[in-house]
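S.K.: Input file: structure05.csv. Contents: CSV, C-alpha atoms and all ligand atoms.
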chain,number,residue,atom,x,y,z
A,1,MET,CA,0.0,-3.5,-32.3
A,2,ALA,CA,2.5,-6.2,-31.5
A,3,ARG,CA,3.7,-8.0,-34.6
A,4,HIS,CA,5.3,-10.7,-32.5
A,5,ALA,CA,3.5,-12.2,-29.5
A,6,ARG,CA,6.4,-11.4,-27.2
A,7,PRO,CA,5.8,-12.0,-23.5
A,8,LEU,CA,5.4,-8.8,-21.6
A,9,SER,CA,6.6,-10.2,-18.3
A,10,PRO,CA,9.2,-12.9,-19.1
A,11,PHE,CA,9.9,-13.4,-15.4
A,12,LEU,CA,6.7,-15.4,-15.2
A,13,HIS,CA,8.3,-18.2,-17.2
A,14,TYR,CA,11.5,-18.6,-15.3
A,15,ARG,CA,12.1,-21.5,-13.0
A,16,TRP,CA,11.5,-21.1,-9.3
A,17,LEU,CA,13.9,-19.0,-7.3
A,18,TYR,CA,13.5,-17.4,-3.9
A,19,SER,CA,14.0,-14.1,-5.7
A,20,ASN,CA,11.1,-14.3,-8.1
A,21,THR,CA,8.9,-15.6,-5.3
A,22,THR,CA,9.6,-12.7,-3.0
A,23,SER,CA,9.1,-10.4,-6.0
A,24,ILE,CA,5.7,-11.8,-7.1
A,25,LEU,CA,4.6,-11.9,-3.5
A,26,HIS,CA,5.4,-8.2,-3.2
A,27,ARG,CA,3.2,-7.5,-6.2
A,28,ILE,CA,0.3,-9.7,-5.0
A,29,THR,CA,0.4,-8.1,-1.5
A,30,GLY,CA,0.6,-4.7,-3.1
A,31,VAL,CA,-2.7,-5.5,-5.0
A,32,LEU,CA,-4.3,-6.9,-1.8
A,33,LEU,CA,-3.3,-3.7,0.1
A,34,SER,CA,-4.6,-1.6,-2.7
A,35,LEU,CA,-8.0,-3.2,-2.1
A,36,GLY,CA,-7.5,-3.0,1.6
A,37,PHE,CA,-7.2,0.8,1.2
A,38,PHE,CA,-11.0,0.9,0.5
A,39,LEU,CA,-11.6,-0.8,3.9
A,40,LEU,CA,-9.6,1.9,5.6
A,41,VAL,CA,-11.7,4.6,3.9
A,42,TYR,CA,-14.9,2.7,4.8
A,43,TRP,CA,-13.8,2.6,8.4
A,44,LEU,CA,-13.0,6.3,8.5
A,45,ALA,CA,-16.3,7.2,6.7
A,46,ALA,CA,-18.2,5.1,9.3
A,47,ALA,CA,-16.5,6.9,12.2
A,48,ALA,CA,-17.3,10.2,10.6
A,49,ALA,CA,-21.0,9.2,10.1
A,50,GLY,CA,-21.7,8.9,13.8
A,51,PRO,CA,-22.0,6.3,16.6
A,52,GLU,CA,-24.8,4.1,15.0
A,53,ARG,CA,-23.0,3.8,11.6
A,54,TYR,CA,-19.7,3.2,13.4
A,55,ALA,CA,-21.3,0.5,15.6
A,56,ALA,CA,-22.7,-1.2,12.5
A,57,ALA,CA,-19.3,-1.1,10.8
A,58,THR,CA,-17.7,-2.6,13.8
A,59,ARG,CA,-20.3,-5.4,13.8
A,60,PHE,CA,-19.6,-6.0,10.2
A,61,LEU,CA,-15.8,-6.0,10.7
A,62,GLY,CA,-16.3,-8.4,13.5
A,63,SER,CA,-18.0,-11.0,11.4
A,64,TRP,CA,-15.8,-14.0,10.6
A,65,LEU,CA,-15.7,-13.3,6.9
A,66,ALA,CA,-14.4,-9.8,7.5
A,67,GLN,CA,-12.0,-11.2,10.1
A,68,VAL,CA,-10.5,-13.5,7.5
A,69,VAL,CA,-10.2,-10.6,5.1
A,70,LEU,CA,-8.6,-8.5,7.8
A,71,LEU,CA,-6.2,-11.3,8.7
A,72,GLY,CA,-5.2,-11.5,5.0
A,73,THR,CA,-4.7,-7.8,4.9
A,74,ALA,CA,-2.6,-7.8,8.1
A,75,LEU,CA,-0.4,-10.6,6.6
A,76,ALA,CA,-0.2,-8.8,3.3
A,77,PHE,CA,0.7,-5.5,5.0
A,78,CYS,CA,3.4,-7.0,7.1
A,79,TYR,CA,5.0,-8.9,4.2
A,80,HIS,CA,4.8,-5.8,1.9
A,81,LEU,CA,6.2,-3.6,4.7
A,82,LEU,CA,9.1,-5.8,5.5
A,83,ASN,CA,9.9,-6.7,2.0
A,84,GLY,CA,9.4,-3.1,0.9
A,85,ILE,CA,12.1,-2.1,3.4
A,86,ARG,CA,14.3,-4.9,2.1
A,87,HIS,CA,13.6,-3.6,-1.4
A,88,LEU,CA,14.6,0.0,-0.4
A,89,PHE,CA,17.9,-1.4,0.9
A,90,PHE,CA,18.5,-3.1,-2.4
A,91,ASP,CA,17.7,0.1,-4.3
A,92,ALA,CA,20.3,1.8,-2.1
A,93,GLY,CA,22.8,-0.8,-3.1
A,94,HIS,CA,22.9,-2.9,0.0
A,95,GLY,CA,22.4,-6.6,0.7
A,96,PHE,CA,22.0,-7.6,-2.9
A,97,GLU,CA,24.7,-10.4,-2.8
A,98,ARG,CA,23.1,-13.7,-3.2
A,99,PRO,CA,23.6,-15.2,0.3
A,100,ALA,CA,22.5,-12.0,2.0
A,101,ALA,CA,19.5,-11.6,-0.2
A,102,ARG,CA,18.4,-15.2,0.3
A,103,LYS,CA,18.7,-14.8,4.1
A,104,SER,CA,16.8,-11.6,4.2
A,105,GLY,CA,14.2,-13.1,2.0
A,106,TRP,CA,13.5,-15.9,4.4
A,107,ALA,CA,13.6,-13.5,7.4
A,108,VAL,CA,11.0,-11.3,5.7
A,109,GLY,CA,8.8,-14.3,4.9
A,110,ILE,CA,8.9,-15.8,8.4
A,111,GLY,CA,8.9,-12.3,10.1
A,112,SER,CA,5.8,-11.2,8.2
A,113,ILE,CA,3.8,-14.3,9.2
A,114,VAL,CA,4.6,-13.8,12.8
A,115,LEU,CA,4.2,-10.0,12.7
A,116,GLY,CA,1.0,-10.3,10.7
A,117,LEU,CA,-0.6,-12.7,13.2
A,118,VAL,CA,0.4,-10.4,16.1
A,119,VAL,CA,-1.0,-7.2,14.4
A,120,TRP,CA,-4.2,-9.0,13.5
A,121,PHE,CA,-4.7,-10.3,17.0
A,122,VAL,CA,-3.8,-7.1,18.8
A,123,VAL,CA,-5.9,-4.9,16.6
A,124,ARG,CA,-8.8,-7.3,16.9
A,125,ALA,CA,-8.5,-7.2,20.7
A,126,SER,CA,-8.1,-3.5,20.7
A,127,LEU,CA,-11.1,-2.9,18.4
A,128,GLY,CA,-13.2,-5.3,20.4
A,129,GLY,CA,-13.7,-7.7,17.5
A,130,GLY,CA,-17.3,-6.5,16.9
A,131,ALA,CA,-18.1,-5.4,20.5
B,1,MET,CA,6.7,26.7,-22.8
B,2,SER,CA,10.3,27.4,-22.0
B,3,THR,CA,11.7,25.8,-19.0
B,4,LEU,CA,13.5,27.0,-15.9
B,5,ARG,CA,15.4,23.7,-15.7
B,6,THR,CA,18.8,23.6,-17.3
B,7,PRO,CA,19.4,21.0,-20.0
B,8,LEU,CA,21.8,19.2,-17.8
B,9,ARG,CA,19.2,18.9,-15.0
B,10,ARG,CA,16.7,17.6,-17.4
B,11,VAL,CA,18.9,14.7,-18.6
B,12,ILE,CA,20.4,13.7,-15.3
B,13,GLY,CA,18.9,10.4,-14.2
B,14,LEU,CA,17.5,9.6,-17.5
B,15,GLY,CA,18.6,6.3,-18.9
B,16,SER,CA,17.6,4.9,-22.3
B,17,ALA,CA,14.0,4.9,-21.1
B,18,LYS,CA,14.0,8.7,-21.1
B,19,GLY,CA,11.1,9.0,-18.6
B,20,GLY,CA,9.6,7.3,-15.7
B,21,SER,CA,12.4,8.0,-13.2
B,22,GLY,CA,10.0,10.3,-11.4
B,23,HIS,CA,7.4,7.6,-11.1
B,24,TRP,CA,10.0,5.2,-9.7
B,25,TYR,CA,11.2,7.8,-7.3
B,26,SER,CA,7.7,8.7,-6.1
B,27,GLN,CA,7.0,5.1,-5.4
B,28,ARG,CA,10.0,5.0,-3.1
B,29,VAL,CA,9.3,8.3,-1.4
B,30,THR,CA,5.7,7.2,-0.7
B,31,ALA,CA,7.0,3.8,0.5
B,32,VAL,CA,9.2,5.4,3.1
B,33,ALA,CA,6.4,7.7,4.2
B,34,LEU,CA,4.1,4.7,4.5
B,35,VAL,CA,6.5,2.8,6.8
B,36,LEU,CA,6.2,5.7,9.3
B,37,LEU,CA,2.5,6.3,8.8
B,38,GLY,CA,1.7,2.6,9.0
B,39,VAL,CA,3.6,2.2,12.2
B,40,TRP,CA,1.9,5.3,13.6
B,41,PHE,CA,-1.6,4.0,12.6
B,42,PHE,CA,-1.2,0.6,14.1
B,43,ALA,CA,0.4,2.0,17.3
B,44,GLY,CA,-2.7,4.3,17.5
B,45,LEU,CA,-5.1,1.4,17.1
B,46,VAL,CA,-3.4,-0.6,19.7
B,47,ARG,CA,-3.3,2.2,22.2
B,48,LEU,CA,-7.1,2.9,22.0
B,49,GLU,CA,-8.9,2.5,25.3
B,50,ASP,CA,-11.5,0.5,23.5
B,51,GLY,CA,-12.6,0.2,19.9
B,52,GLY,CA,-15.7,2.2,20.5
B,53,TYR,CA,-16.9,5.3,18.7
B,54,GLU,CA,-15.8,7.6,21.5
B,55,SER,CA,-12.2,6.5,21.8
B,56,VAL,CA,-11.7,6.2,18.0
B,57,THR,CA,-13.0,9.7,17.2
B,58,ARG,CA,-11.2,11.3,20.2
B,59,TRP,CA,-8.0,9.8,18.9
B,60,LEU,CA,-8.5,10.9,15.3
B,61,ALA,CA,-9.8,14.4,16.2
B,62,SER,CA,-6.6,15.5,17.8
B,63,PRO,CA,-4.8,17.9,15.3
B,64,LEU,CA,-1.7,15.7,14.9
B,65,SER,CA,-3.7,12.5,14.4
B,66,SER,CA,-6.0,14.2,11.8
B,67,ALA,CA,-3.0,15.5,9.9
B,68,LEU,CA,-1.3,12.1,9.9
B,69,ALA,CA,-4.5,10.2,9.0
B,70,ILE,CA,-5.1,12.5,6.0
B,71,LEU,CA,-1.4,12.0,5.0
B,72,LEU,CA,-2.0,8.2,5.4
B,73,VAL,CA,-5.0,8.3,3.1
B,74,LEU,CA,-3.3,10.5,0.4
B,75,THR,CA,0.0,8.7,0.5
B,76,SER,CA,-1.6,5.2,0.4
B,77,ALA,CA,-3.8,6.2,-2.5
B,78,TRP,CA,-0.8,7.7,-4.4
B,79,HIS,CA,1.5,4.7,-3.7
B,80,ALA,CA,-1.2,2.3,-4.7
B,81,LEU,CA,-2.0,4.2,-7.9
B,82,LEU,CA,1.7,4.3,-8.9
B,83,GLY,CA,2.0,0.6,-8.2
B,84,LEU,CA,-1.2,-0.5,-10.0
B,85,GLN,CA,-0.1,1.6,-13.0
B,86,VAL,CA,3.1,-0.4,-13.3
B,87,ILE,CA,1.1,-3.7,-13.0
B,88,LEU,CA,-1.3,-2.6,-15.7
B,89,GLU,CA,1.7,-1.7,-17.9
B,90,ASP,CA,3.2,-5.1,-17.4
B,91,TYR,CA,0.1,-7.3,-18.0
B,92,VAL,CA,-2.2,-5.4,-20.3
B,93,ALA,CA,-0.8,-5.4,-23.8
B,94,SER,CA,-3.5,-3.4,-25.5
B,95,LYS,CA,-2.9,0.3,-25.2
B,96,GLY,CA,-6.5,1.3,-25.4
B,97,ARG,CA,-7.6,-1.2,-22.8
B,98,ARG,CA,-4.7,-0.2,-20.6
B,99,ALA,CA,-5.7,3.5,-20.8
B,100,VAL,CA,-9.3,2.7,-19.9
B,101,LEU,CA,-8.3,0.6,-17.0
B,102,LEU,CA,-5.8,3.2,-15.7
B,103,LEU,CA,-8.5,5.8,-15.9
B,104,ALA,CA,-10.9,3.7,-14.0
B,105,VAL,CA,-8.3,3.0,-11.3
B,106,LYS,CA,-7.4,6.7,-11.0
B,107,PHE,CA,-11.0,7.6,-10.7
B,108,ALA,CA,-11.6,5.0,-8.0
B,109,TYR,CA,-8.6,6.2,-5.9
B,110,ALA,CA,-9.5,9.8,-6.4
B,111,VAL,CA,-13.0,9.3,-5.1
B,112,ALA,CA,-11.8,7.1,-2.2
B,113,ALA,CA,-9.1,9.6,-1.2
B,114,VAL,CA,-11.6,12.5,-1.2
B,115,VAL,CA,-14.1,10.4,0.9
B,116,GLY,CA,-11.3,9.5,3.3
B,117,VAL,CA,-10.0,13.0,3.7
B,118,LEU,CA,-13.5,14.4,4.2
B,119,ALA,CA,-14.2,11.7,6.8
B,120,VAL,CA,-11.1,12.7,8.8
B,121,LEU,CA,-12.0,16.4,8.5
B,122,ARG,CA,-15.6,15.6,9.7
B,123,ILE,CA,-14.2,13.7,12.7
B,124,ALA,CA,-11.9,16.6,13.4
B,125,PHE,CA,-14.3,19.5,13.0
B,126,GLY,CA,-17.6,17.9,13.8
B,127,ALA,CA,-20.6,17.1,11.7
B,128,ALA,CA,-20.9,20.7,10.6
B,129,ALA,CA,-17.8,20.5,8.5
C,1,LIG,C1,3.9,0.1,4.6
C,1,LIG,C2,4.9,0.4,3.9
C,1,LIG,C3,5.1,0.1,2.4
C,1,LIG,C4,6.3,0.0,1.9
C,1,LIG,C5,7.7,0.0,2.6
C,1,LIG,C6,6.1,-0.3,0.5
C,1,LIG,C7,7.1,-0.5,-0.5
C,1,LIG,C8,7.0,-0.6,-1.8
C,1,LIG,C9,8.0,-0.6,-2.8
C,1,LIG,C10,9.5,-0.4,-2.5
C,1,LIG,C11,7.5,-0.9,-4.0
C,1,LIG,C12,8.2,-1.0,-5.3
C,1,LIG,C13,8.4,-2.4,-5.7
C,1,LIG,C14,9.0,-2.5,-7.1
C,1,LIG,O1,9.3,-1.5,-7.8
C,1,LIG,O2,9.2,-3.6,-7.6
C,1,LIG,C15,6.0,-1.1,-3.8
C,1,LIG,C16,5.1,-1.4,-4.7
C,1,LIG,C17,3.8,-1.4,-4.6
C,1,LIG,N1,3.1,-1.1,-3.4
C,1,LIG,FE1,3.9,-0.7,-1.6
C,1,LIG,N2,4.8,-0.3,0.2
C,1,LIG,C18,4.1,0.0,1.3
C,1,LIG,C19,2.7,0.1,1.5
C,1,LIG,C20,1.8,-0.1,0.5
C,1,LIG,C21,0.4,0.1,0.7
C,1,LIG,C22,-0.3,0.5,1.9
C,1,LIG,C23,-0.2,-0.2,-0.5
C,1,LIG,C24,-1.6,-0.2,-1.0
C,1,LIG,C25,-2.5,0.7,-0.6
C,1,LIG,C26,0.9,-0.6,-1.5
C,1,LIG,C27,0.7,-1.0,-2.8
C,1,LIG,C28,1.7,-1.3,-3.7
C,1,LIG,C29,1.6,-1.7,-5.0
C,1,LIG,C30,0.2,-2.0,-5.7
C,1,LIG,C31,2.8,-1.8,-5.6
C,1,LIG,C32,3.2,-2.3,-7.0
C,1,LIG,C33,3.7,-3.7,-7.0
C,1,LIG,C34,4.5,-4.0,-8.2
C,1,LIG,O3,4.8,-3.2,-9.0
C,1,LIG,O4,4.8,-5.2,-8.3
C,1,LIG,N3,2.1,-0.5,-0.8
C,1,LIG,N4,5.8,-0.9,-2.4
Mind turning the file's structure into structure tokens?

M.R.:
Amino acid sequence: MARHARPLSPFLHYRWLYSNTTSILHRITGVLLSLGFFLLVYWLAAAAAGPERYAAATRFLGSWLAQVVLLGTALAFCYHLLNGIRHLFFDAGHGFERPAARKSGWAVGIGSIVLGLVVWFVVRASLGGGA
Amino acid sequence: MSTLRTPLRRVIGLGSAKGGSGHWYSQRVTAVALVLLGVWFFAGLVRLEDGGYESVTRWLASPLSSALAILLVLTSAWHALLGLQVILEDYVASKGRRAVLLLAVKFAYAVAAVVGVLAVLRIAFGAAA
């Protein structure tokens, strides 16, 4: 179809900038969350299937492999959430000046790590981590 | 079919791309909804007495929680689908392969969304539902 092998996503070839980093991270976390959606459905289906199935699901979700996946999902969610809000401000025409965008980018990065750890830890405690 | 929309209404918001603004807009509307639904969901998880079957199903069985949980499932699936479509359009050059992948993604999210909604309904109305 293409007569010339033009790059579809030229931003992949630009030099590093905080802006393309926040942007590709938004995309990567979006894909991770899209996979995490199936975990949510699995958890709901287990709760709908009765106490035994639910207990089995909780045991599975308490395994360390699942906990690593859930930690990743929590970090991805918090990054995508905070950066998504930042994105919506940009779309509405606010905070797109370079110093402001750079600052909010860092705030989102650091904030999402802190918030992600808190969410993971609190939800783990709340769900009993396999209890 | 003729249209009820005026010609002016149909071109407002269309740049040189002609289409796609609806897609962009839906991605934003679902994003705003997901902020609220996401906060609600985590707050609910945190406020559970324990993570056991009883407390989880009691939480999700209340009418407001069931409604919000169904909205969470549908909104996430839609937002994810819109997002994954853009990603496929960016990275998959072949139109045929892109169409097949998009179909597979749509199918997976449709199935998962139906399973999720049925699960919430079953929690809300009991195993008979
Ligand atoms: C929690 C609140 C959320 C907010 C505020 C949010 C915000 C956004 C925004 C503004 C975009 C558009 C980015 C762009 O056009 O470049 C986007 C893209 C995307 N989102 Fe979300 N989102 C949220 C949750 C989710 C969830 C739960 C999922 C998965 C189930 C998800 C998956 C995606 C994907 C796959 C994309 C496409 C990424 C791309 O095109 O690079 N998001 N999100």

S.K.: Give as an NGL selection string every residue of chain A that touches chain B within 8 Å, counting all atoms listed in the file.

M.R.: :A and (1 or 8-9 or 30-31 or 33-34 or 37-38 or 41-42 or 44-45 or 47-51 or 54-55 or 81 or 84 or 88 or 119 or 122-123 or 126-128 or 131)

S.K.: I need the residue nearest ligand LIG 1 (chain C) from this list: B:Ala33, B:Val111, B:Ser62, B:Leu68. Use all atoms listed in the file for the distance.

M.R.: B:Ala33

S.K.: Using only C-alpha atoms and all ligand atoms, find each residue in chain A having at least one atom no more than 10 Å away from ligand LIG 1 (chain C); report its shortest atom-to-atom pair and that distance in Å (one decimal), rows by chain then rising number, as CSV.

M.R.:
residue,atom,partner,partner_atom,distance
A:Ser23,CA,C:LIG1,O2,7.0
A:Ile24,CA,C:LIG1,O4,6.8
A:Leu25,CA,C:LIG1,O4,8.2
A:His26,CA,C:LIG1,O4,5.9
A:Arg27,CA,C:LIG1,O4,3.5
A:Ile28,CA,C:LIG1,O4,7.2
A:Thr29,CA,C:LIG1,C27,7.2
A:Gly30,CA,C:LIG1,C28,3.6
A:Val31,CA,C:LIG1,C30,4.6
A:Leu32,CA,C:LIG1,C24,7.3
A:Leu33,CA,C:LIG1,C24,4.0
A:Ser34,CA,C:LIG1,C24,3.7
A:Leu35,CA,C:LIG1,C25,6.9
A:Gly36,CA,C:LIG1,C25,6.6
A:Phe37,CA,C:LIG1,C25,5.0
A:Phe38,CA,C:LIG1,C25,8.6
A:Leu40,CA,C:LIG1,C25,9.5
A:Thr73,CA,C:LIG1,C22,9.9
A:Ala76,CA,C:LIG1,C21,9.3
A:Phe77,CA,C:LIG1,C1,6.5
A:Cys78,CA,C:LIG1,C1,7.5
A:Tyr79,CA,C:LIG1,C1,9.1
A:His80,CA,C:LIG1,N2,5.8
A:Leu81,CA,C:LIG1,C2,4.3
A:Leu82,CA,C:LIG1,C5,6.6
A:Asn83,CA,C:LIG1,C5,7.1
A:Gly84,CA,C:LIG1,C7,3.7
A:Ile85,CA,C:LIG1,C5,4.9
A:Arg86,CA,C:LIG1,C10,8.0
A:His87,CA,C:LIG1,C10,5.3
A:Leu88,CA,C:LIG1,C10,5.5
A:Phe89,CA,C:LIG1,C10,9.1
A:Phe90,CA,C:LIG1,C10,9.4
A:Asp91,CA,C:LIG1,C10,8.4

S.K.: Work out how far apart atom CA of A:Thr22 and atom CA of A:Gly105 are and give it in Å to one decimal.

M.R.: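 Result for atom CA of A:Thr22 versus atom CA of A:Gly105: 6.8 Å, one decimal.
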
S.K.: Name the closest residue to B:Leu74 among the candidates B:Val86, B:Ala110, B:Ala104, B:Ser55; distances are taken between atoms, counting all atoms listed in the file.

M.R.: B:Ala110

S.K.: Go ahead and compute the interatomic distance for atom CA of B:Gln85 and atom CA of A:Leu70, in Å to one decimal.

M.R.: 24.6 Å
